[in-house]
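Asker: One file is attached below, target.json, containing JSON, C-alpha atoms.
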[["chain", "number", "residue", "atom", "x", "y", "z"],
["A", 1, "MET", "CA", 17.27, -10.93, 3.40],
["A", 2, "ASP", "CA", 18.58, -9.65, 0.08],
["A", 3, "THR", "CA", 16.33, -7.64, -2.22],
["A", 4, "MET", "CA", 14.87, -8.86, -5.50],
["A", 5, "ARG", "CA", 17.16, -6.43, -7.31],
["A", 6, "ASP", "CA", 20.23, -7.82, -5.50],
["A", 7, "ARG", "CA", 19.19, -11.34, -6.46],
["A", 8, "PHE", "CA", 18.66, -10.26, -10.07],
["A", 9, "VAL", "CA", 22.25, -9.01, -10.29],
["A", 10, "ASP", "CA", 23.70, -12.13, -8.66],
["A", 11, "VAL", "CA", 21.71, -14.59, -10.77],
["A", 12, "THR", "CA", 22.21, -12.73, -14.04],
["A", 13, "THR", "CA", 25.94, -12.48, -13.42],
["A", 14, "ARG", "CA", 26.09, -16.27, -13.02],
["A", 15, "LEU", "CA", 23.91, -16.84, -16.08],
["A", 16, "LEU", "CA", 26.24, -14.71, -18.19],
["A", 17, "ASP", "CA", 29.08, -17.08, -17.27],
["A", 18, "GLU", "CA", 26.96, -20.10, -18.19],
["A", 19, "ASP", "CA", 25.06, -19.02, -21.32],
["A", 20, "PRO", "CA", 26.98, -17.46, -24.25],
["A", 21, "ARG", "CA", 23.67, -16.48, -25.86],
["A", 22, "LEU", "CA", 22.69, -14.17, -22.98],
["A", 23, "ALA", "CA", 23.31, -10.42, -23.11],
["A", 24, "VAL", "CA", 22.45, -7.61, -20.68],
["A", 25, "VAL", "CA", 21.60, -4.06, -21.76],
["A", 26, "LEU", "CA", 21.57, -1.31, -19.13],
["A", 27, "ALA", "CA", 20.71, 2.39, -19.05],
["A", 28, "ASP", "CA", 22.98, 3.46, -16.16],
["A", 29, "ILE", "CA", 20.60, 2.07, -13.50],
["A", 30, "THR", "CA", 22.35, -0.81, -11.64],
["A", 31, "ALA", "CA", 25.33, -0.50, -13.99],
["A", 32, "ALA", "CA", 27.86, -0.35, -11.13],
["A", 33, "ALA", "CA", 26.65, -3.70, -9.79],
["A", 34, "PHE", "CA", 27.29, -5.30, -13.18],
["A", 35, "GLU", "CA", 30.87, -4.01, -13.53],
["A", 36, "PRO", "CA", 32.48, -7.38, -12.61],
["A", 37, "ALA", "CA", 30.34, -9.12, -15.22],
["A", 38, "GLN", "CA", 31.13, -6.42, -17.77],
["A", 39, "ARG", "CA", 34.86, -6.92, -17.29],
["A", 40, "ARG", "CA", 34.47, -10.64, -18.06],
["A", 41, "HIS", "CA", 31.91, -10.24, -20.85],
["A", 42, "SER", "CA", 32.49, -6.80, -22.34],
["A", 43, "ASP", "CA", 30.74, -7.80, -25.57],
["A", 44, "ARG", "CA", 27.58, -8.97, -23.77],
["A", 45, "VAL", "CA", 27.10, -6.41, -20.97],
["A", 46, "VAL", "CA", 26.31, -3.05, -22.56],
["A", 47, "ASN", "CA", 25.51, 0.22, -20.80],
["A", 48, "VAL", "CA", 23.91, 2.63, -23.28],
["A", 49, "GLY", "CA", 23.68, 5.46, -20.75],
["A", 50, "ILE", "CA", 20.50, 7.40, -20.01],
["A", 51, "ARG", "CA", 18.97, 6.52, -23.38],
["A", 52, "GLU", "CA", 15.97, 4.33, -22.66],
["A", 53, "GLN", "CA", 14.74, 4.22, -26.27],
["A", 54, "LEU", "CA", 18.17, 2.95, -27.29],
["A", 55, "LEU", "CA", 18.01, 0.42, -24.43],
["A", 56, "ILE", "CA", 15.04, -1.31, -26.04],
["A", 57, "GLY", "CA", 16.29, -0.77, -29.57],
["A", 58, "ALA", "CA", 19.60, -2.42, -28.70],
["A", 59, "ALA", "CA", 17.79, -5.32, -27.07],
["A", 60, "GLY", "CA", 15.72, -5.76, -30.22],
["A", 61, "GLY", "CA", 18.85, -5.69, -32.38],
["A", 62, "LEU", "CA", 20.57, -8.29, -30.23],
["A", 63, "ALA", "CA", 17.49, -10.51, -30.43],
["A", 64, "LEU", "CA", 17.55, -10.24, -34.23],
["A", 65, "THR", "CA", 21.06, -11.73, -34.18],
["A", 66, "GLY", "CA", 19.89, -14.72, -32.13],
["A", 67, "MET", "CA", 20.90, -13.46, -28.69],
["A", 68, "ARG", "CA", 18.66, -13.61, -25.61],
["A", 69, "PRO", "CA", 18.81, -10.03, -24.26],
["A", 70, "ILE", "CA", 17.87, -8.81, -20.80],
["A", 71, "ALA", "CA", 17.04, -5.10, -20.65],
["A", 72, "HIS", "CA", 16.95, -3.51, -17.21],
["A", 73, "THR", "CA", 16.10, -0.18, -15.61],
["A", 74, "PHE", "CA", 13.33, 1.35, -13.47],
["A", 75, "ALA", "CA", 9.83, 0.41, -14.60],
["A", 76, "SER", "CA", 8.88, 3.92, -15.66],
["A", 77, "PHE", "CA", 11.98, 4.08, -17.88],
["A", 78, "LEU", "CA", 11.67, 0.49, -19.15],
["A", 79, "ILE", "CA", 8.01, 0.40, -20.20],
["A", 80, "GLU", "CA", 6.58, 3.92, -20.34],
["A", 81, "ARG", "CA", 9.40, 6.11, -21.68],
["A", 82, "PRO", "CA", 10.46, 3.79, -24.58],
["A", 83, "TRP", "CA", 6.92, 2.51, -25.22],
["A", 84, "GLU", "CA", 7.13, 2.94, -29.01],
["A", 85, "GLN", "CA", 10.33, 0.86, -29.08],
["A", 86, "VAL", "CA", 8.74, -1.88, -26.96],
["A", 87, "LYS", "CA", 5.85, -1.97, -29.42],
["A", 88, "LEU", "CA", 7.91, -1.82, -32.62],
["A", 89, "ASP", "CA", 11.47, -3.00, -31.95],
["A", 90, "LEU", "CA", 10.32, -6.11, -30.10],
["A", 91, "VAL", "CA", 6.71, -7.03, -30.88],
["A", 92, "HIS", "CA", 6.43, -5.70, -34.44],
["A", 93, "GLN", "CA", 9.80, -7.18, -35.41],
["A", 94, "GLY", "CA", 8.75, -10.55, -34.00],
["A", 95, "VAL", "CA", 11.65, -10.89, -31.58],
["A", 96, "GLY", "CA", 11.75, -11.47, -27.84],
["A", 97, "ALA", "CA", 13.58, -10.03, -24.85],
["A", 98, "VAL", "CA", 13.44, -10.23, -21.08],
["A", 99, "LEU", "CA", 12.58, -6.85, -19.56],
["A", 100, "VAL", "CA", 13.48, -6.69, -15.86],
["A", 101, "SER", "CA", 12.31, -3.63, -13.95],
["A", 102, "ALA", "CA", 12.81, -2.14, -10.52],
["A", 103, "ALA", "CA", 11.02, 0.62, -8.56],
["A", 104, "GLY", "CA", 7.50, -0.16, -9.76],
["A", 105, "SER", "CA", 4.46, 1.66, -8.40],
["A", 106, "TYR", "CA", 5.63, 3.14, -5.09],
["A", 107, "ASP", "CA", 9.09, 1.68, -4.40],
["A", 108, "TRP", "CA", 10.98, 4.97, -4.30],
["A", 109, "PRO", "CA", 8.56, 7.68, -3.20],
["A", 110, "ALA", "CA", 11.43, 10.17, -2.80],
["A", 111, "GLY", "CA", 12.01, 9.90, -6.56],
["A", 112, "GLY", "CA", 8.57, 11.36, -7.22],
["A", 113, "ARG", "CA", 6.13, 10.61, -10.03],
["A", 114, "THR", "CA", 8.86, 10.23, -12.66],
["A", 115, "HIS", "CA", 10.03, 7.07, -10.88],
["A", 116, "MET", "CA", 6.61, 5.45, -10.42],
["A", 117, "SER", "CA", 4.89, 3.24, -12.98],
["A", 118, "PRO", "CA", 1.60, 1.79, -11.72],
["A", 119, "GLY", "CA", 0.38, 1.49, -15.32],
["A", 120, "ASP", "CA", 3.17, -0.73, -16.68],
["A", 121, "VAL", "CA", 1.31, -4.05, -16.71],
["A", 122, "ALA", "CA", -1.84, -2.40, -18.09],
["A", 123, "LEU", "CA", 0.23, -0.96, -20.94],
["A", 124, "LEU", "CA", 1.69, -4.37, -21.79],
["A", 125, "ASP", "CA", -1.86, -5.72, -21.91],
["A", 126, "THR", "CA", -2.34, -3.73, -25.12],
["A", 127, "LEU", "CA", 0.26, -5.95, -26.82],
["A", 128, "PRO", "CA", -0.03, -9.66, -27.67],
["A", 129, "ASP", "CA", 1.71, -12.65, -26.13],
["A", 130, "TRP", "CA", 3.59, -11.15, -23.19],
["A", 131, "THR", "CA", 4.45, -13.20, -20.13],
["A", 132, "VAL", "CA", 4.40, -11.05, -16.97],
["A", 133, "HIS", "CA", 5.95, -12.22, -13.70],
["A", 134, "VAL", "CA", 5.42, -10.28, -10.45],
["A", 135, "PRO", "CA", 7.48, -12.07, -7.78],
["A", 136, "GLY", "CA", 6.91, -11.31, -4.12],
["A", 137, "HIS", "CA", 10.24, -12.56, -2.75],
["A", 138, "PRO", "CA", 13.87, -12.85, -3.95],
["A", 139, "GLU", "CA", 13.61, -16.66, -4.14],
["A", 140, "GLU", "CA", 10.64, -16.34, -6.48],
["A", 141, "ALA", "CA", 12.45, -13.64, -8.46],
["A", 142, "GLU", "CA", 15.36, -15.99, -9.07],
["A", 143, "GLN", "CA", 13.13, -18.86, -10.17],
["A", 144, "LEU", "CA", 11.06, -16.69, -12.49],
["A", 145, "LEU", "CA", 14.11, -14.94, -13.94],
["A", 146, "ARG", "CA", 15.74, -18.25, -14.78],
["A", 147, "HIS", "CA", 12.48, -19.41, -16.35],
["A", 148, "ALA", "CA", 12.23, -16.18, -18.38],
["A", 149, "VAL", "CA", 15.77, -16.49, -19.76],
["A", 150, "ALA", "CA", 15.11, -20.09, -20.78],
["A", 151, "ASP", "CA", 11.64, -19.33, -22.20],
["A", 152, "GLY", "CA", 12.60, -19.64, -25.86],
["A", 153, "ASP", "CA", 12.39, -16.26, -27.58],
["A", 154, "ARG", "CA", 9.25, -14.98, -25.87],
["A", 155, "ASN", "CA", 8.78, -11.45, -24.60],
["A", 156, "VAL", "CA", 8.81, -11.59, -20.81],
["A", 157, "TYR", "CA", 8.44, -8.84, -18.22],
["A", 158, "VAL", "CA", 9.81, -9.50, -14.73],
["A", 159, "ARG", "CA", 8.54, -6.82, -12.34],
["A", 160, "LEU", "CA", 10.85, -6.56, -9.33],
["A", 161, "SER", "CA", 10.04, -4.53, -6.22],
["A", 162, "ALA", "CA", 11.61, -3.31, -3.00],
["A", 163, "HIS", "CA", 8.26, -4.26, -1.42],
["A", 164, "GLN", "CA", 8.40, -7.99, -0.69],
["A", 165, "ASN", "CA", 6.84, -10.72, 1.44],
["A", 166, "ASP", "CA", 8.57, -12.24, 4.45],
["A", 167, "ALA", "CA", 8.67, -15.77, 2.98],
["A", 168, "PRO", "CA", 8.64, -17.23, -0.54],
["A", 169, "VAL", "CA", 5.84, -19.33, -1.99],
["A", 170, "ALA", "CA", 6.49, -22.46, -4.03],
["A", 171, "VAL", "CA", 5.44, -20.95, -7.34],
["A", 172, "GLU", "CA", 4.89, -22.58, -10.71],
["A", 173, "PRO", "CA", 5.18, -20.11, -13.60],
["A", 174, "GLY", "CA", 1.75, -19.46, -15.06],
["A", 175, "ARG", "CA", -0.19, -21.05, -12.17],
["A", 176, "PHE", "CA", -1.85, -19.57, -9.11],
["A", 177, "ALA", "CA", -0.89, -21.16, -5.78],
["A", 178, "THR", "CA", -3.50, -21.89, -3.12],
["A", 179, "VAL", "CA", -2.32, -20.45, 0.20],
["A", 180, "ARG", "CA", -5.52, -20.71, 2.24],
["A", 181, "THR", "CA", -8.94, -22.26, 1.58],
["A", 182, "GLY", "CA", -12.42, -21.05, 2.48],
["A", 183, "GLY", "CA", -15.97, -20.93, 1.18],
["A", 184, "ARG", "CA", -17.07, -17.29, 0.91],
["A", 185, "GLY", "CA", -15.09, -16.20, -2.12],
["A", 186, "VAL", "CA", -11.55, -15.90, -3.48],
["A", 187, "VAL", "CA", -8.96, -13.22, -2.78],
["A", 188, "LEU", "CA", -6.16, -13.21, -5.35],
["A", 189, "ALA", "CA", -2.97, -11.61, -4.00],
["A", 190, "VAL", "CA", -0.37, -10.60, -6.57],
["A", 191, "GLY", "CA", 3.34, -10.63, -5.74],
["A", 192, "PRO", "CA", 4.30, -8.44, -2.76],
["A", 193, "MET", "CA", 0.65, -8.01, -1.69],
["A", 194, "LEU", "CA", 0.45, -11.50, -0.16],
["A", 195, "ASP", "CA", 1.51, -10.69, 3.40],
["A", 196, "ALA", "CA", -1.03, -7.87, 3.71],
["A", 197, "VAL", "CA", -3.77, -10.05, 2.22],
["A", 198, "LEU", "CA", -3.04, -12.90, 4.63],
["A", 199, "ALA", "CA", -3.15, -10.50, 7.57],
["A", 200, "ALA", "CA", -6.35, -8.91, 6.28],
["A", 201, "THR", "CA", -8.14, -12.24, 5.78],
["A", 202, "GLU", "CA", -7.01, -13.92, 9.01],
["A", 203, "GLY", "CA", -10.08, -15.66, 10.46],
["A", 204, "LEU", "CA", -12.21, -15.02, 7.35],
["A", 205, "ASP", "CA", -13.79, -17.91, 5.45],
["A", 206, "VAL", "CA", -12.12, -17.15, 2.13],
["A", 207, "THR", "CA", -9.70, -18.82, -0.25],
["A", 208, "VAL", "CA", -6.46, -16.93, -0.81],
["A", 209, "LEU", "CA", -4.73, -17.52, -4.13],
["A", 210, "TYR", "CA", -1.25, -16.24, -4.88],
["A", 211, "ALA", "CA", -0.08, -15.05, -8.28],
["A", 212, "ALA", "CA", 3.59, -14.51, -9.09],
["A", 213, "THR", "CA", 2.70, -14.78, -12.79],
["A", 214, "VAL", "CA", -0.23, -12.66, -13.97],
["A", 215, "ARG", "CA", 0.08, -13.10, -17.73],
["A", 216, "PRO", "CA", -0.98, -15.51, -18.90],
["A", 217, "PHE", "CA", -3.79, -15.28, -16.35],
["A", 218, "ASP", "CA", -4.55, -18.65, -14.74],
["A", 219, "ALA", "CA", -8.26, -18.74, -15.54],
["A", 220, "ALA", "CA", -8.52, -22.45, -14.79],
["A", 221, "GLY", "CA", -6.90, -21.97, -11.40],
["A", 222, "LEU", "CA", -9.32, -19.19, -10.49],
["A", 223, "ARG", "CA", -12.35, -21.21, -11.57],
["A", 224, "ALA", "CA", -11.19, -24.26, -9.65],
["A", 225, "ALA", "CA", -10.82, -22.23, -6.44],
["A", 226, "LEU", "CA", -14.38, -20.89, -6.47],
["A", 227, "GLY", "CA", -17.25, -22.53, -4.62],
["A", 228, "GLU", "CA", -20.91, -21.73, -5.10],
["A", 229, "LYS", "CA", -20.22, -18.00, -4.59],
["A", 230, "ALA", "CA", -18.31, -16.60, -7.54],
["A", 231, "ASP", "CA", -17.01, -13.55, -5.69],
["A", 232, "VAL", "CA", -13.44, -12.50, -6.46],
["A", 233, "VAL", "CA", -11.22, -9.82, -4.94],
["A", 234, "LEU", "CA", -8.09, -8.86, -6.87],
["A", 235, "VAL", "CA", -5.27, -7.22, -4.89],
["A", 236, "GLU", "CA", -2.54, -5.99, -7.24],
["A", 237, "PRO", "CA", 0.53, -3.79, -6.52],
["A", 238, "TYR", "CA", -0.10, -1.66, -9.62],
["A", 239, "LEU", "CA", -3.05, 0.07, -11.28],
["A", 240, "ALA", "CA", -6.38, -1.01, -9.79],
["A", 241, "GLY", "CA", -8.41, -3.03, -12.27],
["A", 242, "THR", "CA", -5.47, -4.20, -14.39],
["A", 243, "SER", "CA", -6.58, -7.85, -14.21],
["A", 244, "ALA", "CA", -10.32, -7.24, -13.89],
["A", 245, "ASN", "CA", -11.03, -8.08, -17.55],
["A", 246, "GLU", "CA", -9.04, -11.30, -17.21],
["A", 247, "ALA", "CA", -11.14, -12.31, -14.19],
["A", 248, "HIS", "CA", -14.39, -11.42, -15.96],
["A", 249, "ALA", "CA", -13.35, -13.44, -19.01],
["A", 250, "ALA", "CA", -12.48, -16.43, -16.83],
["A", 251, "LEU", "CA", -15.97, -16.35, -15.30],
["A", 252, "ALA", "CA", -17.96, -15.22, -18.33],
["A", 253, "ASP", "CA", -20.26, -18.26, -18.24],
["A", 254, "ARG", "CA", -21.48, -17.77, -14.67],
["A", 255, "PRO", "CA", -22.84, -14.93, -12.52],
["A", 256, "HIS", "CA", -19.99, -13.37, -10.58],
["A", 257, "ARG", "CA", -18.70, -10.25, -8.85],
["A", 258, "VAL", "CA", -15.19, -8.80, -8.97],
["A", 259, "LEU", "CA", -13.67, -6.19, -6.65],
["A", 260, "ALA", "CA", -10.41, -4.85, -8.12],
["A", 261, "LEU", "CA", -8.03, -3.26, -5.62],
["A", 262, "GLY", "CA", -4.70, -1.66, -6.44],
["A", 263, "VAL", "CA", -3.01, 1.68, -6.97],
["A", 264, "PRO", "CA", -5.64, 4.32, -7.85],
["A", 265, "ARG", "CA", -5.52, 6.42, -11.00],
["A", 266, "GLU", "CA", -5.42, 9.61, -8.96],
["A", 267, "GLU", "CA", -1.87, 10.79, -8.40],
["A", 268, "HIS", "CA", -0.70, 10.74, -4.78],
["A", 269, "ARG", "CA", 1.36, 13.94, -4.62],
["A", 270, "GLN", "CA", 3.38, 13.18, -1.51],
["A", 271, "TYR", "CA", 6.68, 11.44, -0.86],
["A", 272, "GLY", "CA", 6.78, 9.50, 2.42],
["A", 273, "ALA", "CA", 7.69, 5.82, 2.46],
["A", 274, "ILE", "CA", 6.30, 2.59, 1.03],
["A", 275, "PRO", "CA", 4.03, 1.79, 4.03],
["A", 276, "GLU", "CA", 2.55, 5.29, 3.88],
["A", 277, "HIS", "CA", 1.78, 4.94, 0.20],
["A", 278, "LEU", "CA", 0.16, 1.55, 0.74],
["A", 279, "ALA", "CA", -2.02, 3.03, 3.48],
["A", 280, "ALA", "CA", -2.96, 5.98, 1.27],
["A", 281, "TYR", "CA", -3.96, 3.57, -1.53],
["A", 282, "GLY", "CA", -5.98, 1.35, 0.82],
["A", 283, "LEU", "CA", -3.54, -1.54, 0.33],
["A", 284, "ASP", "CA", -2.34, -1.97, 3.92],
["A", 285, "ALA", "CA", -3.72, -4.88, 5.94],
["A", 286, "ALA", "CA", -6.22, -2.82, 7.96],
["A", 287, "SER", "CA", -7.69, -1.14, 4.89],
["A", 288, "LEU", "CA", -7.82, -4.41, 2.95],
["A", 289, "LYS", "CA", -9.65, -6.14, 5.79],
["A", 290, "ALA", "CA", -12.36, -3.48, 5.77],
["A", 291, "ARG", "CA", -12.69, -3.41, 1.98],
["A", 292, "ILE", "CA", -12.71, -7.18, 1.54],
["A", 293, "GLY", "CA", -15.12, -7.70, 4.44],
["A", 294, "THR", "CA", -17.58, -5.11, 3.11],
["A", 295, "PHE", "CA", -17.55, -6.72, -0.35],
["A", 296, "LEU", "CA", -17.89, -10.37, 0.70],
["A", 297, "TRP", "CA", -20.29, -10.01, 3.65]]
Show this structure as structure tokens.
Answerer:
Amino acid sequence: MDTMRDRFVDVTTRLLDEDPRLAVVLADITAAAFEPAQRRHSDRVVNVGIREQLLIGAAGGLALTGMRPIAHTFASFLIERPWEQVKLDLVHQGVGAVLVSAAGSYDWPAGGRTHMSPGDVALLDTLPDWTVHVPGHPEEAEQLLRHAVADGDRNVYVRLSAHQNDAPVAVEPGRFATVRTGGRGVVLAVGPMLDAVLAATEGLDVTVLYAATVRPFDAAGLRAALGEKADVVLVEPYLAGTSANEAHAALADRPHRVLALGVPREEHRQYGAIPEHLAAYGLDAASLKARIGTFLW
């Protein structure tokens, strides 16, 4: 299986050949993979070097000229480091871009804290009108990337990860997919958390929803999945509680409980590998089974 990042390069390279409005702005990360596309489209594939503020500023400038820019680097360098430019050069100027990240919350533990961004989606929640896709498989990444490029001039964040599920889900942008049905509550698995959630809930009488798009939050889909018990467990691959307010707002007119699971605020000061980080955060299947079972029963 290819990775989401591999698929991003392949699909974007083809889209550059097809769409003269599309441009790609890079900050060294993944630049080598785009060299063939840069040779063909030197005016629309731009590497600004290790200048992440300029990365977003250039994307905003291209959008002002009517282009549809894709800006790409690691999540911590795409959202956190140039945060003022995201806020001003895109949102304040009233223009849109597609921000495509890699190495989200725990993808490259050897890179240390500088290369981890569990707070990226929570940060974007402070700004209006962002679409946020969190695919769990390369097939989903391709579909959601194509949708993002074609999504008018909206600001869209596509959060890619080295952590991925074994099989894709037939996703509809902006809608939760029902993967399993039950009567004792709903577990909402976001992106690459689906496989662990399915293993953790095997044999449990719960509904499992899958979200590859988290903003806008599919409030209607969540409400429709609930039975008499309005108990919801959120399992997100970034900061725990990021979507808790969205779930509470969706259920504001009825008594409900929400358990928000994700990456904790406390910094995990060790390297290791992705599975070790998931276990440390309580996001592996065994830990999820215990935490979900305790909450729902």
Asker: Smallest atom-to-atom distance to Ala279 in chain A: which of A:Ala249, A:Ala219, A:Ala212, A:Val263, using all atoms listed in the file?
Answerer: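 Ranked by minimum distance to Ala279 in chain A, first place goes to A:Val263.
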Asker: Please determine, counting all atoms listed in the file, which residue among A:Pro36, A:Pro109, A:Pro69, A:Gly241 has the shortest atom-to-atom distance to Glu276 in chain A.
Answerer: A:Pro109
Asker: Just how far from CA of Ser101 in chain A is CA of Val158 in chain A, in Å to one decimal?
Answerer: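 Value for the CA of Val158 in chain A-CA of Ser101 in chain A distance: 6.4 Å.
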Asker: Of the candidates A:Ala286, A:Val171, A:Val48, A:Ala27, which one gets nearest to Leu78 in chain A if we count only C-alpha atoms?
Answerer: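 Looking only at the distances to Leu78 in chain A, the closest residue turns out to be A:Ala27.
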Asker: Within 9 Å of range 223-229 of chain A, counting all atoms listed in the file, which residues show up once you throw out same-chain ones fewer than 4 positions away? Write them as a tab-separated table (two decimals) with C-alpha atoms, keeping the file's coordinate frame, please.
Answerer:
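Okay, selection.tsv is ready:
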chain	number	residue	atom	x	y	z
A	178	THR	CA	-3.50	-21.89	-3.12
A	181	THR	CA	-8.94	-22.26	1.58
A	182	GLY	CA	-12.42	-21.05	2.48
A	183	GLY	CA	-15.97	-20.93	1.18
A	184	ARG	CA	-17.07	-17.29	0.91
A	185	GLY	CA	-15.09	-16.20	-2.12
A	186	VAL	CA	-11.55	-15.90	-3.48
A	207	THR	CA	-9.70	-18.82	-0.25
A	208	VAL	CA	-6.46	-16.93	-0.81
A	209	LEU	CA	-4.73	-17.52	-4.13
A	218	ASP	CA	-4.55	-18.65	-14.74
A	219	ALA	CA	-8.26	-18.74	-15.54
A	250	ALA	CA	-12.48	-16.43	-16.83
A	251	LEU	CA	-15.97	-16.35	-15.30
A	255	PRO	CA	-22.84	-14.93	-12.52
A	256	HIS	CA	-19.99	-13.37	-10.58
A	257	ARG	CA	-18.70	-10.25	-8.85
Asker: For Val187 in chain A, list every protein, DNA or RNA residue within 12 Å, evaluated using only C-alpha atoms, and leave out those in the same chain fewer than 4 positions away; present the list as a PyMOL selection string.
Answerer: chain A and resi 176-183+193-194+196-198+200-202+204-211+222+225-226+230-236+247+257-261+288-289+291-293+295-296
Asker: Given all atoms listed in the file as the basis, pick out the residue of A:Arg39, A:Thr294, A:Gly112, A:Ala122 nearest to Gln270 in chain A.
Answerer: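 Selected residue with least distance to Gln270 in chain A: A:Gly112.
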Asker: Return the padded bounding box of range 255-262 of chain A as JSON: axis-aligned, built from all atoms listed in the file, 5 Å added on each side, with centre and edge lengths in Å to one decimal.
Answerer:
{"center_x": -13.8, "center_y": -8.3, "center_z": -9.1, "size_x": 28.1, "size_y": 23.3, "size_z": 16.9}
Asker: Just how far from CA of Val45 in chain A is CA of Val24 in chain A, in Å to one decimal?
Answerer: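 Value for the CA of Val24 in chain A-CA of Val45 in chain A distance: 4.8 Å.
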Asker: Choose the residue, out of A:Val25, A:Ala162, A:Ala75, A:Ala167, that has the smallest atom-to-atom separation from Gly49 in chain A; count all atoms listed in the file.
Answerer: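 Closest to Gly49 in chain A of all the choices is A:Val25.
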Asker: For His72 in chain A, which of A:Arg5, A:Asp43, A:Ala37, A:His133 is the closest residue, counting all atoms listed in the file?
Answerer: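 Of A:Arg5, A:Asp43, A:Ala37, A:His133, the one nearest His72 in chain A is A:Arg5, counting all atoms listed in the file.
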Asker: Got a minute to add all heavy atoms to range 98-103 of chain A and dump it as a short mmCIF file (atom, residue, chain, number, x, y, z; two decimals), in the frame of the given file?
Answerer:
data_model
loop_
_atom_site.label_atom_id
_atom_site.label_comp_id
_atom_site.auth_asym_id
_atom_site.auth_seq_id
_atom_site.Cartn_x
_atom_site.Cartn_y
_atom_site.Cartn_z
N VAL A 98 13.86 -10.19 -22.48
CA VAL A 98 13.44 -10.23 -21.08
C VAL A 98 13.61 -8.83 -20.52
O VAL A 98 14.74 -8.32 -20.47
CB VAL A 98 14.25 -11.24 -20.26
CG1 VAL A 98 13.76 -11.27 -18.81
CG2 VAL A 98 14.18 -12.63 -20.88
N LEU A 99 12.52 -8.18 -20.16
CA LEU A 99 12.58 -6.85 -19.56
C LEU A 99 12.46 -7.01 -18.05
O LEU A 99 11.46 -7.56 -17.56
CB LEU A 99 11.46 -5.95 -20.09
CG LEU A 99 11.33 -5.83 -21.61
CD1 LEU A 99 10.30 -4.77 -21.98
CD2 LEU A 99 12.67 -5.52 -22.27
N VAL A 100 13.45 -6.55 -17.32
CA VAL A 100 13.48 -6.69 -15.86
C VAL A 100 13.48 -5.29 -15.26
O VAL A 100 14.40 -4.51 -15.47
CB VAL A 100 14.72 -7.47 -15.38
CG1 VAL A 100 14.71 -7.59 -13.86
CG2 VAL A 100 14.76 -8.85 -16.03
N SER A 101 12.44 -4.99 -14.49
CA SER A 101 12.31 -3.63 -13.95
C SER A 101 12.63 -3.61 -12.46
O SER A 101 12.77 -4.64 -11.80
CB SER A 101 10.89 -3.11 -14.17
OG SER A 101 9.96 -3.77 -13.33
N ALA A 102 12.73 -2.40 -11.95
CA ALA A 102 12.81 -2.14 -10.52
C ALA A 102 12.01 -0.88 -10.25
O ALA A 102 11.64 -0.15 -11.18
CB ALA A 102 14.27 -1.97 -10.08
N ALA A 103 11.72 -0.62 -8.95
CA ALA A 103 11.02 0.62 -8.56
C ALA A 103 9.70 0.78 -9.30
O ALA A 103 9.50 1.71 -10.07
CB ALA A 103 11.92 1.84 -8.77
#
